[in-house]
$ cat start.cif   # mmCIF, C-alpha atoms
data_query
loop_
_atom_site.label_atom_id
_atom_site.label_comp_id
_atom_site.auth_asym_id
_atom_site.auth_seq_id
_atom_site.Cartn_x
_atom_site.Cartn_y
_atom_site.Cartn_z
CA MET A 26 191.15 -56.09 -52.09
CA ASP A 27 194.02 -55.27 -49.79
CA GLY A 28 196.86 -57.71 -49.57
CA ARG A 29 196.41 -58.95 -53.13
CA GLY A 30 199.77 -57.52 -53.93
CA SER A 31 201.38 -60.08 -51.68
CA VAL A 32 199.92 -63.11 -53.47
CA THR A 33 202.76 -65.49 -54.18
CA THR A 34 202.94 -68.34 -56.62
CA ARG A 35 205.17 -71.33 -56.87
CA ALA A 36 207.42 -71.91 -59.82
CA GLN A 37 206.84 -68.52 -61.38
CA PRO A 38 208.81 -68.49 -64.64
CA PRO A 39 210.57 -65.23 -63.98
CA GLU A 40 210.54 -63.80 -67.51
CA ARG A 41 206.79 -63.69 -68.07
CA ALA A 42 205.98 -62.59 -64.52
CA ALA A 43 208.61 -59.85 -64.67
CA HIS A 44 207.37 -58.77 -68.10
CA ILE A 45 203.77 -58.48 -66.88
CA ALA A 46 204.89 -56.65 -63.73
CA ASP A 47 206.80 -54.20 -65.97
CA LEU A 48 203.71 -53.71 -68.13
CA VAL A 49 201.59 -53.00 -65.04
CA GLY A 50 204.14 -50.43 -63.90
CA ALA A 51 204.21 -48.78 -67.33
CA ALA A 52 200.38 -48.77 -67.45
CA ARG A 53 200.34 -47.07 -64.04
CA ASP A 54 202.60 -44.41 -65.52
CA GLY A 55 200.09 -43.89 -68.30
CA SER A 56 201.38 -46.14 -71.10
CA GLN A 57 198.39 -47.03 -73.30
CA ASP A 58 200.52 -49.51 -75.17
CA ALA A 59 201.41 -51.44 -72.01
CA LEU A 60 197.78 -51.49 -70.92
CA GLY A 61 196.81 -52.68 -74.41
CA GLN A 62 199.23 -55.59 -74.17
CA ILE A 63 197.77 -56.62 -70.81
CA VAL A 64 194.26 -56.40 -72.31
CA ALA A 65 195.26 -58.70 -75.18
CA GLU A 66 196.86 -61.15 -72.77
CA LEU A 67 194.08 -61.51 -70.23
CA SER A 68 190.76 -60.70 -71.95
CA PRO A 69 190.19 -64.26 -73.29
CA LEU A 70 190.37 -65.49 -69.68
CA LEU A 71 187.91 -62.85 -68.44
CA TRP A 72 185.52 -63.72 -71.28
CA GLN A 73 185.41 -67.34 -70.07
CA VAL A 74 184.89 -66.15 -66.47
CA ALA A 75 181.86 -64.09 -67.50
CA ARG A 76 180.43 -66.81 -69.74
CA ALA A 77 180.99 -69.51 -67.11
CA ALA A 78 178.86 -67.34 -64.80
CA GLY A 79 175.98 -67.79 -67.25
CA LEU A 80 175.91 -64.36 -68.87
CA SER A 81 174.68 -63.78 -72.43
CA THR A 82 177.36 -62.75 -74.89
CA SER A 83 176.39 -59.06 -74.79
CA ASP A 84 176.29 -59.00 -70.98
CA ALA A 85 179.65 -60.79 -70.92
CA GLU A 86 181.12 -58.10 -73.18
CA ASP A 87 179.87 -55.37 -70.83
CA VAL A 88 181.11 -57.11 -67.73
CA VAL A 89 184.61 -57.72 -69.13
CA GLN A 90 184.84 -54.05 -70.15
CA THR A 91 183.64 -52.92 -66.73
CA ALA A 92 186.30 -55.02 -65.01
CA TRP A 93 189.02 -53.37 -67.11
CA LEU A 94 187.64 -49.88 -66.49
CA ARG A 95 187.61 -50.59 -62.76
CA LEU A 96 191.20 -51.82 -62.94
CA VAL A 97 192.36 -48.38 -64.06
CA SER A 98 191.81 -46.85 -60.62
CA HIS A 99 193.24 -49.91 -58.82
CA LEU A 100 196.52 -50.18 -60.70
CA GLY A 101 198.29 -48.43 -57.82
CA GLY A 102 197.85 -51.45 -55.54
CA ILE A 103 198.78 -54.19 -58.02
CA HIS A 104 202.42 -55.11 -58.50
CA THR A 105 202.67 -58.72 -59.68
CA SER A 106 201.33 -60.78 -62.55
CA ALA A 107 199.57 -63.15 -60.15
CA ALA A 108 197.94 -60.29 -58.25
CA LEU A 109 196.77 -58.71 -61.52
CA THR A 110 195.22 -61.93 -62.83
CA ALA A 111 193.57 -62.72 -59.50
CA TRP A 112 192.18 -59.17 -59.16
CA LEU A 113 190.73 -59.20 -62.69
CA VAL A 114 189.18 -62.67 -62.33
CA THR A 115 187.58 -61.80 -58.98
CA THR A 116 186.28 -58.46 -60.24
CA THR A 117 184.82 -60.00 -63.41
CA LYS A 118 183.13 -62.65 -61.29
CA ARG A 119 181.64 -60.04 -58.94
CA GLU A 120 180.46 -57.90 -61.83
CA ALA A 121 178.86 -60.99 -63.40
CA TRP A 122 177.02 -61.80 -60.17
CA ARG A 123 175.83 -58.22 -60.03
CA VAL A 124 174.32 -58.49 -63.51
CA ARG A 125 172.70 -61.79 -62.65
CA ALA A 126 171.32 -60.41 -59.39
CA ALA A 127 169.83 -57.47 -61.30
CA GLY A 128 167.83 -60.06 -63.21
CA ARG A 129 168.95 -59.11 -66.66
CA LYS A 130 168.52 -61.69 -69.37
CA GLN A 131 170.56 -64.73 -68.51
CA LEU A 132 171.17 -68.20 -69.75
CA PRO A 133 171.00 -71.26 -67.59
CA VAL A 134 174.54 -71.71 -66.29
CA ASP A 135 174.57 -75.34 -67.18
CA ASP A 136 174.28 -77.58 -70.14
CA SER A 137 173.68 -75.00 -72.84
CA TRP A 138 177.23 -75.47 -74.01
CA LEU A 139 177.11 -79.25 -73.82
CA THR A 140 175.33 -79.41 -77.11
CA ALA A 141 177.79 -77.03 -78.71
CA MET A 142 180.56 -79.57 -79.36
CA PRO A 143 180.86 -79.37 -83.10
CA ASP A 144 181.07 -82.59 -85.10
CA GLN A 145 184.40 -82.74 -86.79
CA ALA A 146 184.59 -83.30 -90.49
CA PRO A 147 186.16 -86.66 -91.29
CA GLY A 148 189.90 -86.27 -91.82
CA SER A 149 193.12 -88.24 -91.54
CA GLU A 150 193.52 -91.04 -89.05
CA ALA A 151 195.67 -88.80 -86.84
CA GLN A 152 192.95 -86.16 -86.91
CA ALA A 153 190.37 -88.81 -86.01
CA ILE A 154 192.38 -89.71 -82.87
CA ILE A 155 192.58 -86.05 -81.84
CA ASP A 156 188.86 -85.63 -82.45
CA ASP A 157 188.14 -88.71 -80.37
CA ASP A 158 190.25 -87.30 -77.49
CA ARG A 159 188.35 -84.02 -77.69
CA ARG A 160 185.02 -85.79 -77.64
CA ARG A 161 186.03 -87.87 -74.63
CA LEU A 162 187.22 -84.80 -72.75
CA TRP A 163 184.02 -82.92 -73.63
CA SER A 164 181.85 -85.78 -72.44
CA ALA A 165 183.87 -86.21 -69.21
CA LEU A 166 183.50 -82.46 -68.53
CA GLY A 167 179.76 -82.85 -68.97
CA LYS A 168 179.70 -85.42 -66.16
CA LEU A 169 181.50 -83.17 -63.67
CA PRO A 170 179.53 -81.19 -61.09
CA SER A 171 178.87 -77.76 -62.60
CA ARG A 172 181.00 -75.87 -60.05
CA CYS A 173 183.98 -78.07 -60.89
CA ARG A 174 183.39 -77.56 -64.58
CA GLU A 175 183.23 -73.76 -64.18
CA LEU A 176 186.38 -73.74 -62.07
CA LEU A 177 188.37 -75.83 -64.57
CA ARG A 178 187.05 -73.79 -67.49
CA ILE A 179 188.45 -70.66 -65.86
CA ILE A 180 191.71 -72.19 -64.62
CA ALA A 181 192.39 -73.56 -68.13
CA PHE A 182 192.69 -69.97 -69.41
CA VAL A 183 194.88 -68.71 -66.56
CA PRO A 184 198.56 -68.22 -67.45
CA ARG A 185 200.32 -71.15 -65.81
CA PRO A 186 202.34 -69.25 -63.17
CA ASP A 187 199.17 -67.57 -61.93
CA TYR A 188 197.23 -70.84 -61.40
CA GLN A 189 197.71 -70.95 -57.67
CA ALA A 190 196.78 -67.33 -57.00
CA VAL A 191 193.60 -67.62 -59.06
CA ALA A 192 192.73 -71.05 -57.68
CA ASP A 193 193.11 -69.65 -54.15
CA GLU A 194 190.79 -66.77 -55.08
CA LEU A 195 188.14 -68.97 -56.65
CA GLY A 196 188.40 -72.19 -54.70
CA ILE A 197 187.09 -72.80 -51.26
CA PRO A 198 189.90 -72.48 -48.70
CA ARG A 199 192.12 -75.50 -48.28
CA GLY A 200 190.97 -78.14 -45.87
CA SER A 201 187.27 -77.60 -46.49
CA VAL A 202 185.07 -79.80 -48.62
CA GLY A 203 184.42 -78.09 -51.87
CA PRO A 204 185.67 -77.84 -55.38
CA THR A 205 189.34 -77.01 -55.70
CA ARG A 206 191.43 -77.16 -58.79
CA GLY A 207 193.19 -80.29 -57.56
CA ARG A 208 190.01 -82.10 -56.55
CA CYS A 209 188.18 -81.21 -59.76
CA LEU A 210 191.11 -82.34 -61.90
CA ALA A 211 191.36 -85.61 -59.97
CA LYS A 212 187.64 -86.20 -60.58
CA LEU A 213 188.00 -85.43 -64.26
CA ARG A 214 190.97 -87.79 -64.55
CA CYS A 215 188.89 -90.56 -62.95
CA LEU A 216 186.10 -89.97 -65.46
CA LEU A 217 188.58 -90.09 -68.34
CA GLU A 218 190.10 -93.32 -67.03
CA VAL A 219 186.71 -94.97 -66.62
CA ASP A 220 185.93 -93.97 -70.19
CA ASP A 221 189.32 -95.32 -71.27
CA ALA A 222 188.68 -98.66 -69.55
CA ALA A 223 185.21 -98.92 -71.11
CA GLY A 224 186.72 -98.08 -74.47
CA SER A 225 189.37 -100.79 -74.31
CA LYS A 226 186.75 -103.44 -73.46
CA ARG A 227 184.80 -102.59 -76.58
CA MET B 15 195.35 -100.78 -59.58
CA ARG B 16 195.13 -97.40 -61.11
CA GLN B 17 191.99 -96.45 -59.30
CA GLN B 18 193.82 -96.59 -55.97
CA ASP B 19 196.70 -94.54 -57.27
CA LYS B 20 194.09 -92.00 -58.14
CA SER B 21 192.68 -91.74 -54.62
CA GLY B 22 196.20 -91.58 -53.22
CA GLN B 23 196.80 -88.65 -55.46
CA ALA B 24 193.54 -86.98 -54.53
CA ALA B 25 194.75 -86.65 -50.94
CA GLY B 26 197.44 -84.28 -52.13
CA ALA B 27 195.22 -82.90 -54.84
CA ASP B 28 196.11 -79.29 -54.13
CA GLY B 29 199.74 -79.65 -55.00
CA PRO B 30 201.09 -78.15 -58.19
CA PRO B 31 199.50 -79.60 -61.34
CA ASP B 32 201.50 -82.45 -62.93
CA ASP B 33 202.13 -82.93 -66.65
CA LEU B 34 198.89 -84.82 -67.25
CA ASP B 35 196.92 -82.10 -65.40
CA LEU B 36 198.54 -79.49 -67.60
CA ALA B 37 197.76 -81.47 -70.75
CA ILE B 38 194.11 -81.82 -69.67
CA LEU B 39 193.88 -78.09 -68.88
CA GLY B 40 195.34 -77.36 -72.32
CA GLY B 41 192.66 -79.59 -73.86
CA ILE B 42 189.91 -77.79 -71.92
CA ARG B 43 191.28 -74.45 -73.07
CA ASP B 44 191.21 -75.56 -76.72
CA LEU B 45 187.64 -76.83 -76.38
CA PHE B 46 186.24 -73.63 -74.90
CA ALA B 47 188.29 -71.39 -77.16
CA ALA B 48 186.56 -73.16 -80.07
CA ALA B 49 183.07 -73.57 -78.56
CA ASP B 50 182.75 -70.12 -76.97
CA PRO B 51 185.39 -67.76 -78.34
CA MET B 52 185.73 -64.17 -77.16
CA PRO B 53 184.41 -61.78 -79.86
CA ALA B 54 187.46 -60.82 -81.91
CA ASP B 55 186.79 -57.06 -81.63
CA LEU B 56 186.37 -57.01 -77.84
CA PRO B 57 190.03 -56.22 -76.97
CA GLU B 58 189.92 -53.28 -79.39
CA ARG B 59 186.78 -51.91 -77.73
CA ILE B 60 188.38 -52.34 -74.32
CA ARG B 61 191.53 -50.51 -75.44
CA PHE B 62 189.37 -47.69 -76.80
CA ALA B 63 187.46 -47.45 -73.51
CA LEU B 64 190.72 -47.40 -71.52
CA ALA B 65 192.35 -44.66 -73.57
CA LEU B 66 191.37 -42.02 -71.01
CA ARG B 67 193.61 -39.24 -69.84
CA ASP B 68 192.31 -39.78 -66.33
CA LEU B 69 193.28 -42.69 -64.15
CA GLU B 70 190.92 -41.82 -61.30
CA VAL B 71 187.49 -42.48 -62.77
CA GLU B 72 184.09 -43.57 -61.54
CA VAL B 73 182.83 -46.44 -63.69
CA ALA B 74 179.21 -46.37 -64.87
CA ARG B 75 177.89 -49.88 -65.41
CA LEU B 76 175.43 -50.75 -68.11
CA ALA B 77 172.17 -51.27 -66.21
CA ALA B 78 169.54 -51.70 -68.92
CA ARG B 79 169.32 -51.86 -72.66
CA GLU B 80 166.18 -51.70 -74.77
CA SER B 81 165.40 -51.19 -78.38
CA GLN B 82 162.07 -50.41 -79.91
CA PRO B 83 161.02 -50.04 -83.53
CA VAL B 84 160.24 -46.46 -84.58
CA LEU B 85 158.34 -45.48 -87.70
CA SER B 86 159.96 -42.65 -89.58
CA SER B 87 159.93 -41.24 -93.08
CA ARG B 88 162.66 -43.73 -93.86
CA GLY B 89 160.57 -46.69 -92.71
CA ALA B 90 160.90 -48.78 -89.58
CA GLU B 91 164.08 -48.18 -87.58
CA GLN B 92 165.34 -49.09 -84.17
CA SER B 93 165.62 -46.59 -81.38
CA ARG B 94 167.86 -47.77 -78.58
CA THR B 95 167.72 -46.72 -74.95
CA ILE B 96 170.62 -47.50 -72.64
CA THR B 97 170.90 -46.79 -68.93
CA PHE B 98 174.18 -46.64 -67.02
CA ASP B 99 174.54 -46.49 -63.25
CA SER B 100 177.56 -45.28 -61.31
CA GLU B 101 177.96 -44.55 -57.61
CA SER B 102 176.89 -40.94 -58.00
CA LEU B 103 175.01 -40.72 -61.31
CA THR B 104 172.49 -42.41 -63.56
CA ILE B 105 172.98 -41.69 -67.24
CA MET B 106 170.25 -42.56 -69.71
CA ILE B 107 170.71 -42.18 -73.44
CA ARG B 108 168.47 -42.67 -76.42
CA ILE B 109 170.10 -43.36 -79.78
CA ASP B 110 168.25 -42.65 -83.05
CA SER B 111 169.55 -42.96 -86.57
CA ASN B 112 169.81 -39.77 -88.63
CA GLY B 113 169.56 -41.96 -91.72
CA ASP B 114 172.88 -40.77 -93.13
CA GLY B 115 175.43 -42.90 -91.31
CA THR B 116 175.22 -40.72 -88.21
CA VAL B 117 173.10 -40.97 -85.09
CA ARG B 118 171.49 -38.54 -82.68
CA VAL B 119 172.03 -39.15 -78.97
CA ASP B 120 169.67 -37.60 -76.42
CA GLY B 121 170.56 -38.02 -72.78
CA TRP B 122 169.54 -37.33 -69.21
CA LEU B 123 171.56 -37.22 -66.01
CA ALA B 124 170.00 -38.10 -62.69
CA PRO B 125 170.13 -36.45 -60.26
CA PRO B 126 169.73 -33.53 -62.71
CA GLN B 127 172.80 -31.29 -62.84
CA ARG B 128 174.84 -29.10 -65.13
CA ARG B 129 177.91 -31.10 -66.25
CA GLU B 130 180.25 -31.10 -69.21
CA ILE B 131 179.79 -34.28 -71.21
CA GLU B 132 182.25 -35.63 -73.71
CA MET B 133 181.46 -38.23 -76.37
CA ARG B 134 184.68 -39.97 -77.35
CA THR B 135 184.47 -41.41 -80.87
CA ALA B 136 186.89 -42.92 -83.37
CA ALA B 137 187.12 -39.37 -84.81
CA ALA B 138 187.42 -36.17 -82.75
CA PRO B 139 185.65 -36.10 -79.37
CA LEU B 140 182.40 -34.09 -79.13
CA THR B 141 181.52 -32.01 -76.09
CA VAL B 142 178.20 -30.65 -74.82
CA VAL B 143 176.93 -29.32 -71.51
CA ALA B 144 173.93 -30.81 -69.75
CA ASP B 145 171.37 -28.17 -68.71
CA ASP B 146 170.06 -27.66 -65.17
CA HIS B 147 167.54 -30.42 -65.80
CA GLY B 148 170.36 -32.82 -66.67
CA ARG B 149 169.35 -32.96 -70.34
CA PHE B 150 171.91 -33.07 -73.11
CA ALA B 151 171.99 -33.92 -76.82
CA PHE B 152 174.55 -34.76 -79.47
CA ALA B 153 172.77 -34.06 -82.76
CA ILE B 154 175.29 -35.71 -85.06
CA VAL B 155 177.55 -38.55 -83.95
CA PRO B 156 179.34 -40.82 -86.42
CA GLN B 157 178.27 -44.45 -86.22
CA GLY B 158 180.77 -46.79 -84.64
CA ILE B 159 182.55 -46.99 -81.35
CA ALA B 160 181.83 -44.33 -78.71
CA GLN B 161 182.15 -43.68 -75.00
CA LEU B 162 180.64 -41.06 -72.70
CA VAL B 163 182.73 -39.19 -70.16
CA VAL B 164 180.88 -36.96 -67.68
CA HIS B 165 183.45 -34.49 -66.40
CA PRO B 166 183.48 -33.38 -62.76
CA ALA B 167 181.20 -30.49 -61.85
CA ARG B 168 182.95 -27.13 -61.51
CA PRO B 169 182.91 -26.00 -58.76
CA ASP B 170 182.44 -29.38 -57.11
CA PRO B 171 181.68 -28.93 -53.40
CA GLY B 172 181.50 -32.34 -51.76
CA GLY B 173 181.91 -34.12 -55.09
CA SER B 174 184.42 -36.85 -55.77
CA GLY B 175 186.21 -34.77 -58.40
CA ARG B 176 186.27 -37.80 -60.65
CA SER B 177 184.94 -38.20 -64.16
CA VAL B 178 182.19 -40.76 -64.69
CA VAL B 179 182.90 -43.03 -67.66
CA THR B 180 180.75 -45.57 -69.48
CA PRO B 181 181.95 -48.68 -71.30
CA ALA B 182 182.58 -48.29 -75.03
CA LEU B 183 179.43 -48.77 -77.10
CA VAL B 184 178.90 -49.39 -80.75
CA LEU B 185 176.47 -46.74 -81.98
#

$ encode --input "start.cif" --output "structure tokens"
Amino acid sequence: MDGRGSVTTRAQPPERAAHIADLVGAARDGSQDALGQIVAELSPLLWQVARAAGLSTSDAEDVVQTAWLRLVSHLGGIHTSAALTAWLVTTTKREAWRVRAAGRKQLPVDDSWLTAMPDQAPGSEAQAIIDDDRRRLWSALGKLPSRCRELLRIIAFVPRPDYQAVADELGIPRGSVGPTRGRCLAKLRCLLEVDDAAGSKR
Amino acid sequence: MRQQDKSGQAAGADGPPDDLDLAILGGIRDLFAAADPMPADLPERIRFALALRDLEVEVARLAARESQPVLSSRGAEQSRTITFDSESLTIMIRIDSNGDGTVRVDGWLAPPQRREIEMRTAAAPLTVVADDHGRFAFAIVPQGIAQLVVHPARPDPGGSGRSVVTPALVL
């Protein structure tokens, strides 16, 4: 875990990053309110990390809580927003693997959610276009390799300035063949374009 | 041809996301936020669990959870057994309803040892001491959110000096 504090990101909007760094500092000094704000900000992301790892909802709740409890004794080494997000994502992932390795009840990682896309009630024409976009995105996601889908699901919940730090943590190092945020997004864009082309022929 | 533009872009695919990438990521976020939302009360439980005086704690992870029906004078009820593991301790608790909006919690520490154990609840915290066999009991605990804190042994030769804490549970 050493060296996380030096994670740098490009194009960090200074206000949010500075605000989060302040909150981390205040939490280290014992401010429950600051810690509470960080919890509200980042828990939805950690929930998706745990669920993308295939945990049941109750296991995901435990794992997200455990990651936060573990953070408490690591606050001393975390000084930036990017480092905080990356540490929490990695720890949640490790805790999720641990639960899976222990053989507790688990769901298949894949496909269970593919059926979950709710049918939208018929609405205005504008709503129908939005619904159609959502359906196309959902179906394109379903065609991605599962590791790409999990990566994008997580990255989508990461605060924008922290993308690179988290992508570096989760992705395979640059230059190797494997899913990276950029590669997975490029693949997804291809799928959406193919779908677009097929749609315009109809 | 758009397809070729695409492969040209893939070569530099690890650059910063462009506007379309960001729009797609926003769409993915909306989809999963709707299809698999975080339980609304989870942040509150996390905040409760984190409201510890201590910053140096040993985290006990939930290792097993079982419930079995029990027949009592009040009819069939559930008895729950939960096991937590930390680096130095295993904590096992059994939760039974008292039938009046409170529960009884019986617990065991392994390895067995005399330790002060605090049950944090939404009301005042309750404290008991585990006996030499590691057994402890809270006879009356209000239903709702709760967390166990096993305080360091005193004296604590060779111990870590840290409290062992569990995640917040809903009793």

$ closest_atom_pairs --input "start.cif" --of "chain B" --to "chain A" --cutoff "7 Å" --atoms "all atoms listed in the file" --output "JSON lines"
{"residue": "B:Ala24", "atom": "CA", "partner": "A:Ala211", "partner_atom": "CA", "distance": 6.0}
{"residue": "B:Ala27", "atom": "CA", "partner": "A:Gly207", "partner_atom": "CA", "distance": 4.3}
{"residue": "B:Asp28", "atom": "CA", "partner": "A:Gly207", "partner_atom": "CA", "distance": 4.6}
{"residue": "B:Asp35", "atom": "CA", "partner": "A:Leu210", "partner_atom": "CA", "distance": 6.8}
{"residue": "B:Leu39", "atom": "CA", "partner": "A:Ala181", "partner_atom": "CA", "distance": 4.8}
{"residue": "B:Gly40", "atom": "CA", "partner": "A:Ala181", "partner_atom": "CA", "distance": 6.4}
{"residue": "B:Ile42", "atom": "CA", "partner": "A:Ala181", "partner_atom": "CA", "distance": 6.2}
{"residue": "B:Arg43", "atom": "CA", "partner": "A:Ala181", "partner_atom": "CA", "distance": 5.1}
{"residue": "B:Ala49", "atom": "CA", "partner": "A:Ala141", "partner_atom": "CA", "distance": 6.3}
{"residue": "B:Met52", "atom": "CA", "partner": "A:Trp72", "partner_atom": "CA", "distance": 5.9}
{"residue": "B:Pro57", "atom": "CA", "partner": "A:Ala65", "partner_atom": "CA", "distance": 6.1}
{"residue": "B:Ile60", "atom": "CA", "partner": "A:Gln90", "partner_atom": "CA", "distance": 5.7}
{"residue": "B:Arg61", "atom": "CA", "partner": "A:Gly61", "partner_atom": "CA", "distance": 5.8}
{"residue": "B:Leu64", "atom": "CA", "partner": "A:Leu94", "partner_atom": "CA", "distance": 6.4}
{"residue": "B:Ala65", "atom": "CA", "partner": "A:Gln57", "partner_atom": "CA", "distance": 6.5}
{"residue": "B:Leu69", "atom": "CA", "partner": "A:Ser98", "partner_atom": "CA", "distance": 5.7}
{"residue": "B:Glu70", "atom": "CA", "partner": "A:Ser98", "partner_atom": "CA", "distance": 5.2}
{"residue": "B:Val71", "atom": "CA", "partner": "A:Ser98", "partner_atom": "CA", "distance": 6.5}
{"residue": "B:Val73", "atom": "CA", "partner": "A:Arg95", "partner_atom": "CA", "distance": 6.4}
{"residue": "B:Arg75", "atom": "CA", "partner": "A:Thr91", "partner_atom": "CA", "distance": 6.6}
{"residue": "B:Leu76", "atom": "CA", "partner": "A:Asp87", "partner_atom": "CA", "distance": 7.0}
{"residue": "B:Pro181", "atom": "CA", "partner": "A:Gln90", "partner_atom": "CA", "distance": 6.2}

$ atom_distance --input "start.cif" --atom1 "CA of Ser164 (chain A)" --atom2 "CA of Ala77 (chain A)"
17.1 Å

$ residues_around --input "start.cif" --residues "Glu80 (chain B)" --least-positions-apart "2" --cutoff "9 Å" --atoms "all atoms listed in the file" --output "PyMOL selection string"
chain B and resi 78+82+93-97

$ axis_aligned_box --input "start.cif" --around "region 38-54 of chain B" --padding-each-side "3 Å" --output "AutoDock Vina command-line options"
--center_x 189.0 --center_y -71.3 --center_z -75.4 --size_x 18.6 --size_y 27.0 --size_z 19.0

$ residues_around --input "start.cif" --residues "region 157-171 of chain B" --least-positions-apart "3" --cutoff "9 Å" --atoms "all atoms listed in the file" --output "number ranges by chain"
B: 59, 62-63, 111, 115-117, 127-136, 174-185

$ closest_residue --input "start.cif" --among "A:Arg125, A:Thr116, A:His104, A:Leu48" --to "Ser81 (chain A)" --atoms "only C-alpha atoms"
A:Arg125

$ atom_distance --input "start.cif" --atom1 "CA of Gly50 (chain A)" --atom2 "CA of Ala111 (chain A)"
16.8 Å

$ atom_distance --input "start.cif" --atom1 "CA of Asp193 (chain A)" --atom2 "CA of Leu56 (chain B)"
27.7 Å

$ build_atoms --input "start.cif" --residues "region 112-127 of chain A" --atoms "N, CA and C atoms" --output "PDB file, in the coordinates of the input"
ATOM      1  N   TRP A 112     193.069 -60.328 -59.344  1.00  0.00           N
ATOM      2  CA  TRP A 112     192.180 -59.170 -59.160  1.00  0.00           C
ATOM      3  C   TRP A 112     191.154 -59.115 -60.303  1.00  0.00           C
ATOM      4  N   LEU A 113     191.623 -59.300 -61.528  1.00  0.00           N
ATOM      5  CA  LEU A 113     190.730 -59.200 -62.690  1.00  0.00           C
ATOM      6  C   LEU A 113     189.692 -60.331 -62.694  1.00  0.00           C
ATOM      7  N   VAL A 114     190.125 -61.544 -62.351  1.00  0.00           N
ATOM      8  CA  VAL A 114     189.180 -62.670 -62.330  1.00  0.00           C
ATOM      9  C   VAL A 114     188.109 -62.440 -61.268  1.00  0.00           C
ATOM     10  N   THR A 115     188.539 -62.028 -60.069  1.00  0.00           N
ATOM     11  CA  THR A 115     187.580 -61.800 -58.980  1.00  0.00           C
ATOM     12  C   THR A 115     186.614 -60.676 -59.341  1.00  0.00           C
ATOM     13  N   THR A 116     187.137 -59.602 -59.910  1.00  0.00           N
ATOM     14  CA  THR A 116     186.280 -58.460 -60.240  1.00  0.00           C
ATOM     15  C   THR A 116     185.285 -58.835 -61.343  1.00  0.00           C
ATOM     16  N   THR A 117     185.736 -59.574 -62.345  1.00  0.00           N
ATOM     17  CA  THR A 117     184.820 -60.000 -63.410  1.00  0.00           C
ATOM     18  C   THR A 117     183.718 -60.882 -62.833  1.00  0.00           C
ATOM     19  N   LYS A 118     184.105 -61.769 -61.927  1.00  0.00           N
ATOM     20  CA  LYS A 118     183.130 -62.650 -61.290  1.00  0.00           C
ATOM     21  C   LYS A 118     182.089 -61.846 -60.511  1.00  0.00           C
ATOM     22  N   ARG A 119     182.561 -60.884 -59.719  1.00  0.00           N
ATOM     23  CA  ARG A 119     181.640 -60.040 -58.940  1.00  0.00           C
ATOM     24  C   ARG A 119     180.715 -59.255 -59.845  1.00  0.00           C
ATOM     25  N   GLU A 120     181.281 -58.689 -60.906  1.00  0.00           N
ATOM     26  CA  GLU A 120     180.460 -57.900 -61.830  1.00  0.00           C
ATOM     27  C   GLU A 120     179.413 -58.811 -62.491  1.00  0.00           C
ATOM     28  N   ALA A 121     179.802 -60.049 -62.782  1.00  0.00           N
ATOM     29  CA  ALA A 121     178.860 -60.990 -63.400  1.00  0.00           C
ATOM     30  C   ALA A 121     177.729 -61.327 -62.431  1.00  0.00           C
ATOM     31  N   TRP A 122     178.062 -61.522 -61.162  1.00  0.00           N
ATOM     32  CA  TRP A 122     177.020 -61.800 -60.170  1.00  0.00           C
ATOM     33  C   TRP A 122     176.058 -60.636 -60.069  1.00  0.00           C
ATOM     34  N   ARG A 123     176.617 -59.430 -60.121  1.00  0.00           N
ATOM     35  CA  ARG A 123     175.830 -58.220 -60.030  1.00  0.00           C
ATOM     36  C   ARG A 123     174.792 -58.171 -61.162  1.00  0.00           C
ATOM     37  N   VAL A 124     175.235 -58.489 -62.369  1.00  0.00           N
ATOM     38  CA  VAL A 124     174.320 -58.490 -63.510  1.00  0.00           C
ATOM     39  C   VAL A 124     173.259 -59.560 -63.323  1.00  0.00           C
ATOM     40  N   ARG A 125     173.659 -60.712 -62.855  1.00  0.00           N
ATOM     41  CA  ARG A 125     172.700 -61.790 -62.650  1.00  0.00           C
ATOM     42  C   ARG A 125     171.697 -61.415 -61.567  1.00  0.00           C
ATOM     43  N   ALA A 126     172.198 -60.792 -60.491  1.00  0.00           N
ATOM     44  CA  ALA A 126     171.320 -60.410 -59.390  1.00  0.00           C
ATOM     45  C   ALA A 126     170.314 -59.362 -59.846  1.00  0.00           C
ATOM     46  N   ALA A 127     170.723 -58.508 -60.800  1.00  0.00           N
ATOM     47  CA  ALA A 127     169.830 -57.470 -61.300  1.00  0.00           C
ATOM     48  C   ALA A 127     168.763 -58.068 -62.214  1.00  0.00           C
TER      49      ALA A 127
END
